[in-house]
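**Q** Sharing a structure, written as structure tokens. Questions coming.
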Amino acid sequence: MTMLSLPVRGPLARSAHPEREDKTVHAADEWVLSAAARLRQGLVRPAGGALERLRRALAAGEAERRAMDDEALRRALRAVAPAAVRELKPAALDEALVLVAEAARRTLGMTPYPTQLLGAETLLRGRLAEMNTGEGKTLTAGLAACLAGVAGVPTHVVTVNDYLAERDAEKTGPLMAFMGLRVGVVIGGMAPAAKRRAYACDVAYCTNKDLVFDYLRDRVEAQGRATDAQLKVRRLYGAAGGEPMLRGLHFAIVDEADSILIDEARTPLILAEKAGAVAHAGAFAQALALARQLRPGTDFELLAARRAVHLLPAGRDWLAATAADLDGPWRIRHAREHLAVQALRALHLYHRDRHYLIDDEGQVQIIDEYTGRVLPGRTWEQGLHQMIEAKEGRPLSEQTRTLARITYQRFFTRYLRLAGMTGTGREVAHELAVVYRLRTTVIPPHRPSQRRLLPARLCADEAAKWQAVADVVAQHHALGQPVLVGTRSVEASERLARLLSGRGLPHQVLNARQDAQEAAIVAHAGERGAITVATNMAGRGTDIALGDGVRALGGLMVILTEYHESPRIDRQLVGRCGRQGDPGLALAVVAADDELLRQRGGPWHALLQPGEGGWRLDQCRRHAQADAERQHARTRRDTLRQDRRLDQLLAFSGEAI
């Protein structure tokens with residue numbers, strides 16, 4: 001199939017493959033973009049008119065479309081797709097959408113709703129579609145990707161984990177095959193040649209981390225921003241690297257876009273290589289021993305909200321005097337204070353089974369706080385990972401040398417056309433518009449929600465909270481109603497599991513230790529009498545189908561046991577119930593000493609009254625989450641500025657990414 005490039009405003013980058021130029025946005029321009037984004041948000045028109053237009057388009061000519069044979073349908077879709085996708089002509093777009101809907105009906109056995117067609121149209125226009133959980137985002141993305149593929153536009157469908165990439169590719173595969181499209185799947189651990197074949201397909205399903213790291217590998221092989229002509233000259237003289245894995249950044253559909261583009265954008269992605277054993281390995285154990293003697297408030301200050309530690313003057317003086325007899329890095333002020341700070345962070349701010357776990361092979365594995373999943377192959381920087389290994393009595397892993405780095409902000413804005421989907425985009429619509437030029441369109445649900453939100457319950461402390469949660473679980477289990485309990489950490493999920501076991505309540509646990517069994521556990525979570533205890537893993541991309549007779553019992557019961565720093569994560573968990581018009585119940589049972597409320601609740605925390613949810617708890621939650629979101633937004637801005645500064649410095653040596 002002939003590859004057609006997408007029209008793009010502004011210059012393309014000077015690189016071997018199609019991608020948008022990565023330009024620094026100055027402060028004045030950023031202010032203008034921010035003001036325009038806020039104004040645009042206030043002028044958003046309801047989607048009712050667009051939905052009615054698509055309903056009419058579906059009804060008009062339905063009999064004729066169904067009477068077409070398969071080849072006639074394919075010819076009609078191929079004829080209209082370029083004008084629909086590349087030029088976004090309204091009439092062509094409507095025709096292409098109803099034709100691909102008919103193709104989906106024939107191949108997948110599913111007739112897309114008008115809301116799904118509106119979601120696909122939103123994606124093709126390069127916007128973010130906010131669709132409620134359970135509204136069929138997998139099919140929506142498949143419709144848009146299929147049309148883009150038929151139009152000759154290489155498309156990446158970006159998901160948050162390997163399981164979803166494989167699942168979504170399998171679900172939409174028959175539709176793609178019907179249109180003669182090749183579908184590739186890129187997952188962790190694949191050989192470079194296999195990845196190259198997958199990216200060469202018309203539509204490639206991949207995870208965000210694999211995609212970005214493969215892009216960085218291509219850039220390292222090309223020795224920076226090499227043009228096609230430069231690569232040809234290098235090949236002529238035998239100085240070029242291997243064949244690139246990617247063939248450009250044409251069109252991306254980012255699933256769970258707020259998770260990838262916002263939550264994970266606080267830290268850059270760093271491509272590194274092993275650089276041998278850690279120098280002065282014994283210094284890590286020494287640092288931990290010294291850090292245990294330092295006094296909080298006197299020698300150091302903990303900034304838990306930012307996971308930072310500041311040594312105070314008394315601490316610096318004590319450290320200098322105590323380390324005077326030690327050799328190696330302890331003789332250098334900056335080195336010994338860095339070791340002490342990292343040791344304090346490892347001891348006080350990073351906790352086992354919350355921020356990391358020890359796997360079956362004894363390795364320290366980082367847990368993604370937003371998804372609850374393990375991040376294989378990821379390590380903390382600047383010796384923190386080795387410090388945690390030393391704390392846990394594990395062998396120290398090798399030190400690494402950075403080859404390349406990039407932020408999600410800089411990477412995804414290089415696509416010629418970027419689109420996204422999420423169930424929770426309104427809260428970050430402004431940042432998405434300013435940073436990614438990604439406008440948000442709210443897609444109404446296909447059926448009205450029947451979910452009931454029960455008044456929140458506030459317990460005096462954590463111990464009382466878990467007893468209250470177990471009481472609620474037992475109450476609804478006795479009725480036969482399935483229950484999903486959401487926790488923020490592996491530690492919390494396993495604590496509740498022990499309590500439920502003590503009460504004789506059968507249950508399943510889904511956390512970073514069971515991520516391989518995720519699909520099987522989730523498949524049974526909606527059955528009569530099922531109890532599932534899960535971290536945030538159950539809040540992204542999964543669909544809990546209700547078993548026989550469960551609707552009559554009130555649907556799935558979801559219990560939130562601790563507010564997350566982002567209210568969007570809470571909305572994702574609550575969205576596991578009441579999908580597609582099904583009934584459902586949601587209840588928050590929290591403790592006054594929960595970390596978020598205690599650290600960020602401000603003056604509202606002192607006003608909390610255990611046993612009463614009400615307005616005090618709501619105000620405390622709002623204050624805490626708003627404070628956390630502001631801090632995270634600042635971190636993302638600082639990360640992006642730092643990444644741009646570093647890239648500008650590297651540009652002088654020709655090694656910029």
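Residues in the structure tokens are named by chain (A, B, ... in the order shown) and by number from 1 within that chain; ligands are numbered from 1 in the order shown.
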Just asking: which residues within region 54-188 of chain A are helix (DSSP H, G or I) according to DSSP, as a PyMOL selection string?

**A** chain A and resi 54-59+62-67+70-85+90-108+114-124+137-150+162-178

**Q** Can you tell me, as an NGL selection string, what residues are no more than 9 Å from Gln382 (chain A) when counting only C-alpha atoms, ignoring any on the same chain fewer than 3 positions away?

**A** :A and (338 or 342 or 385-386)

**Q** What's the 12 Å shell around Ala91 (chain A), counting only C-alpha atoms, without same-chain residues fewer than 5 positions away, as a list in words?

**A**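 Answer for this query is Arg53, Leu54, Ala57, Val80, Ala81, Ala83, Ala84, Val85, Ala96, Leu97, Val98 and Glu121 of chain A.
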
**Q** With 10 Å as the cut-off and only C-alpha atoms counted, what is the closest atom pair between each nearby residue of region 338-427 of chain A and region 471-494 of chain A? Distances in Å to one decimal, ordered by chain and number, as CSV.

**A**
residue,atom,partner,partner_atom,distance
A:His351,CA,A:Glu491,CA,9.4
A:Arg352,CA,A:Glu491,CA,7.9
A:Asp353,CA,A:Glu491,CA,5.0
A:Arg354,CA,A:Ser489,CA,4.9
A:His355,CA,A:Ser489,CA,7.8
A:Tyr356,CA,A:Val490,CA,8.9
A:Leu357,CA,A:Val490,CA,8.4
A:Ile367,CA,A:Ser489,CA,8.9
A:Asp368,CA,A:Ser489,CA,9.8
A:Glu369,CA,A:Arg488,CA,7.7
A:Tyr370,CA,A:Arg488,CA,8.7
A:Thr371,CA,A:Arg488,CA,9.3
A:Gly372,CA,A:Ser489,CA,7.0
A:Arg373,CA,A:Val490,CA,9.7

**Q** Compare A:Gly425, A:Pro444, A:Gly614, A:Gly315 by their minimum atom-to-atom distance to Ile262 (chain A), counting only C-alpha atoms, and give me the closest one.

**A**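 For Ile262 (chain A), the nearest of the candidates is A:Gly425.
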
**Q** Point out the residue among A:Ala275, A:Leu646, A:Val183, A:Leu139 with the least atom-to-atom distance to Arg105 (chain A), counting only C-alpha atoms.

**A**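 For Arg105 (chain A), the nearest of the given residues is A:Leu139.
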
**Q** Extract, using only C-alpha atoms, all DNA, RNA and protein residues at most 10 Å from region 451-463 of chain A, discarding same-chain residues fewer than 3 positions from it, and format them as a PyMOL selection string.

**A** chain A and resi 448+466-469+554-562+574-575+577-579+581-594+608-614+617-618

**Q** DSSP on the backbone: which residues in region 310-525 of chain A end up as strand (DSSP E)? Give the answer as a VMD selection string.

**A** chain A and resid 310 to 311 356 to 358 364 to 366 400 to 406 417 to 422 440 to 442 450 to 453 457 to 459 483 to 486 508 to 510

**Q** Using the selection just defined, write its residues with N, CA and C atoms as a short mmCIF file (atom, residue, chain, number, x, y, z; two decimals), in the first residue's frame.

**A**
data_model
loop_
_atom_site.label_atom_id
_atom_site.label_comp_id
_atom_site.auth_asym_id
_atom_site.auth_seq_id
_atom_site.Cartn_x
_atom_site.Cartn_y
_atom_site.Cartn_z
N HIS A 310 16.46 17.34 52.72
CA HIS A 310 17.43 18.43 52.84
C HIS A 310 18.26 18.21 54.10
N LEU A 311 19.57 18.18 53.95
CA LEU A 311 20.43 18.13 55.12
C LEU A 311 20.49 19.51 55.75
N TYR A 356 8.27 -0.30 45.63
CA TYR A 356 9.03 -1.35 44.95
C TYR A 356 8.72 -2.69 45.63
N LEU A 357 9.10 -3.77 44.95
CA LEU A 357 8.99 -5.10 45.54
C LEU A 357 10.24 -5.89 45.20
N ILE A 358 10.43 -6.99 45.91
CA ILE A 358 11.52 -7.91 45.61
C ILE A 358 10.92 -9.08 44.86
N VAL A 364 15.23 -5.93 42.92
CA VAL A 364 14.37 -4.80 43.28
C VAL A 364 13.66 -4.31 42.02
N GLN A 365 12.33 -4.37 42.03
CA GLN A 365 11.53 -3.94 40.88
C GLN A 365 10.66 -2.75 41.29
N ILE A 366 10.71 -1.69 40.49
CA ILE A 366 9.93 -0.49 40.77
C ILE A 366 8.45 -0.74 40.46
N THR A 400 25.10 2.48 35.55
CA THR A 400 24.73 2.68 34.15
C THR A 400 25.30 3.99 33.62
N ARG A 401 25.41 4.04 32.31
CA ARG A 401 25.84 5.26 31.62
C ARG A 401 24.74 5.68 30.68
N THR A 402 24.31 6.95 30.77
CA THR A 402 23.22 7.46 29.96
C THR A 402 23.64 7.62 28.51
N LEU A 403 22.86 7.04 27.60
CA LEU A 403 23.10 7.18 26.16
C LEU A 403 22.21 8.26 25.55
N ALA A 404 20.97 8.32 26.00
CA ALA A 404 20.03 9.31 25.46
C ALA A 404 18.86 9.44 26.43
N ARG A 405 18.17 10.56 26.35
CA ARG A 405 17.02 10.79 27.21
C ARG A 405 16.04 11.71 26.49
N ILE A 406 14.77 11.57 26.84
CA ILE A 406 13.75 12.44 26.27
C ILE A 406 12.52 12.37 27.17
N ARG A 417 0.52 13.86 13.59
CA ARG A 417 -0.83 14.00 14.15
C ARG A 417 -0.90 13.14 15.40
N LEU A 418 -1.34 13.75 16.48
CA LEU A 418 -1.43 13.08 17.77
C LEU A 418 -2.88 13.08 18.24
N ALA A 419 -3.34 11.93 18.73
CA ALA A 419 -4.69 11.81 19.26
C ALA A 419 -4.64 10.96 20.51
N GLY A 420 -5.71 11.02 21.30
CA GLY A 420 -5.71 10.24 22.53
C GLY A 420 -7.11 9.93 23.00
N MET A 421 -7.19 8.97 23.92
CA MET A 421 -8.46 8.58 24.54
C MET A 421 -8.23 8.40 26.03
N THR A 422 -9.24 8.70 26.81
CA THR A 422 -9.20 8.44 28.24
C THR A 422 -10.60 8.56 28.80
N THR A 440 -9.53 18.66 23.91
CA THR A 440 -10.33 17.59 24.50
C THR A 440 -11.79 17.73 24.07
N THR A 441 -12.36 16.61 23.62
CA THR A 441 -13.78 16.54 23.28
C THR A 441 -14.43 15.51 24.19
N VAL A 442 -15.47 15.91 24.90
CA VAL A 442 -16.17 15.00 25.81
C VAL A 442 -17.26 14.29 25.03
N GLN A 450 -26.20 4.30 35.59
CA GLN A 450 -27.03 3.89 36.73
C GLN A 450 -26.17 3.67 37.98
N ARG A 451 -24.96 4.18 37.95
CA ARG A 451 -24.06 4.03 39.09
C ARG A 451 -24.54 4.88 40.27
N ARG A 452 -24.49 4.33 41.48
CA ARG A 452 -24.86 5.07 42.68
C ARG A 452 -23.62 5.27 43.55
N LEU A 453 -23.34 6.51 43.91
CA LEU A 453 -22.22 6.84 44.79
C LEU A 453 -22.75 6.99 46.21
N ARG A 457 -17.25 7.23 54.02
CA ARG A 457 -17.11 6.94 55.45
C ARG A 457 -15.70 7.28 55.90
N LEU A 458 -15.58 7.98 57.02
CA LEU A 458 -14.28 8.38 57.55
C LEU A 458 -14.02 7.65 58.86
N CYS A 459 -12.91 6.92 58.91
CA CYS A 459 -12.54 6.17 60.12
C CYS A 459 -11.42 6.92 60.86
N VAL A 483 -17.71 -7.83 44.71
CA VAL A 483 -17.08 -6.66 45.32
C VAL A 483 -15.66 -6.50 44.79
N LEU A 484 -15.31 -5.28 44.39
CA LEU A 484 -13.94 -4.93 44.00
C LEU A 484 -13.43 -3.89 44.98
N VAL A 485 -12.35 -4.20 45.68
CA VAL A 485 -11.76 -3.27 46.64
C VAL A 485 -10.47 -2.72 46.04
N GLY A 486 -10.38 -1.40 45.93
CA GLY A 486 -9.19 -0.76 45.37
C GLY A 486 -8.27 -0.25 46.47
N GLN A 508 -9.76 -12.95 45.64
CA GLN A 508 -8.60 -12.94 44.74
C GLN A 508 -7.85 -11.63 44.94
N VAL A 509 -6.53 -11.69 44.85
CA VAL A 509 -5.70 -10.49 44.98
C VAL A 509 -5.06 -10.19 43.63
N LEU A 510 -5.14 -8.94 43.23
CA LEU A 510 -4.53 -8.49 41.97
C LEU A 510 -3.62 -7.30 42.28
#

**Q** Taking only C-alpha atoms into account, which of A:Gly502, A:Gly49, A:Pro82, A:Gly601 comes nearest Glu565 (chain A)?

**A**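 So, comparing all the options, the nearest one is A:Gly601.
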
**Q** Which residue gives the smallest distance to Arg634 (chain A) among A:Ala265, A:Gly61, A:Glu301, A:Leu344, with only C-alpha atoms counted?

**A**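 That would be A:Ala265, the residue with the smallest distance to Arg634 (chain A).
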